[in-house]
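Inspection log for the structure reproduced underneath, given as structure tokens.
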Amino acid sequence: MLHFPRPLALAAALVLCAPLGLAGDYHDRGTLECGECHVMHTSPSRIGGGAPRPGLPSAGIEVGPLLKKDVNDLCLSCHDDSATAADVLGPNRGRSPLAVREAGSLNRLGGPQPTSTGHTLGSLDPAPGSNPPWSAEQEGGAGTGLTCLHCHTNHGTPGPRSAFRNLRTDAGRNKPGQGLVTYNDGRPGSYDPTADVFVRRARDYDESALDFNEPDARDSAMARYCAGCHGDFHGQPGSGTVGGKRQGASYTQFLRHPAAGVDIGAAGEGWSSERLFASRVNRVKVMSPTANWSAPRVGVTPTCITCHKAHGNDNAFGLIFRSGRGALTENGDTRGGRMEDLCAQCHDQASPFVGP
């Protein structure tokens, strides 16, 4: 057996655990220890050559890079029904069971939820709207299903600005950096108009803990991120994916709902009503260029997560059926139960959509 002097052994451990210029306040050395996810030499099931230890992978299963478990199992060991971290799978029975989770909940192959309700861990299917088709197998090889790491970076994000919720900047077909979603890193409660997300309370997954900024009126960082896997569902007004023709101050004949570049209109303008939206007690989340979410005026813009829970919920495609009344839920609210409740958040006229 090789023995390293204590300084070298310490240096080796620091190399394995060092942030390497990665930014973010999740999974850093102040909140997580390397040994909670990694082993130093090999899969724990192989140590000593005996039977695998309880709760760890069975003998013969390769787990890398030096991870204690399969990626999804490892993430869910802290993020499913845990008292120490947010619960991201199925019903919310974790650290904050009363929270209305901003991202909703994932489902998993073989689980009780229909796979049509959101992102499905283990799925081999191509991502809806990906063109050319993207699937987890194309990134990880044959037999690789969707994992948490197809959307999130486990350690953090390289670069001068941290990514919101450790989201990858190159998810799906995004080029490195293209899908960056920024937030007021390390300064919860401090408003930063150049950031894409305003976080009021750190490590709080309730939707009331954050809102969405709009640093660029023509773009949505969150929509760019989603477009890495769902590109046919995103584009600027007038593009081939979204369509739309200019009619005065508004657009008509969209093929798909725009996720950037079109504000909710003032009363009487276009196909949406700012007055109607502002009158809702329970509103879906929109982007604001002026931090004006409590009494939204002209300038607020819907994007992908206005209508969908990023992880999913009990509704098809993670749609948020929110009537504007009743108690908030991850499915919408207690008075909402259909797609028209969601559309009526902003629309009081006939639909302008002419495409599929």
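Labeling convention for the structure tokens: chains A, B, ... as they appear, residues from 1 per chain, ligands from 1 in order of appearance.
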
Which of range 126-352 of chain A end up as strand (DSSP E) when DSSP is run on this backbone - answer as a ChimeraX atom specification?
/A:157-158,197-199,210-213,243-247,250-254,287-288,328-329,332-333

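For the pair CA of Leu106 in chain A and CA of Gln236 in chain A, the separation is 28.5 Å.
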
Å distance separating CA of Gln113 in chain A from CA of Gly90 in chain A, one decimal place
7.6 Å

Name all residues at most 6 Å from Asn213 in chain A (count only C-alpha atoms; drop same-chain ones fewer than 5 positions away) and give them as number ranges by chain.
A: 196-197, 287-289

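Comparing the minimum interatomic distances between Leu66 in chain A and each of A:Ile320, A:Pro112, A:Lys309, A:Val39, counting only C-alpha atoms, we find that A:Val39 sits nearest.
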
If you run DSSP over the backbone, which residues in range 15-213 of chain A end up helix (DSSP H, G or I)? Put them as a ChimeraX atom specification.
/A:15-17,34-36,44-49,71-79,115-117,136-140,148-150,164-166,207-209

Tell me, counting only C-alpha atoms, for each residue of range 177-253 of chain A within 9 Å of range 77-86 of chain A, which pair of atoms is nearest and how far apart they are in Å to one decimal, in rows ordered by chain and increasing number, as a tab-separated table.
```
residue	atom	partner	partner_atom	distance
A:Arg203	CA	A:Ala86	CA	8.3
A:Asp204	CA	A:Ala86	CA	8.2
A:Tyr205	CA	A:Ala86	CA	7.0
```
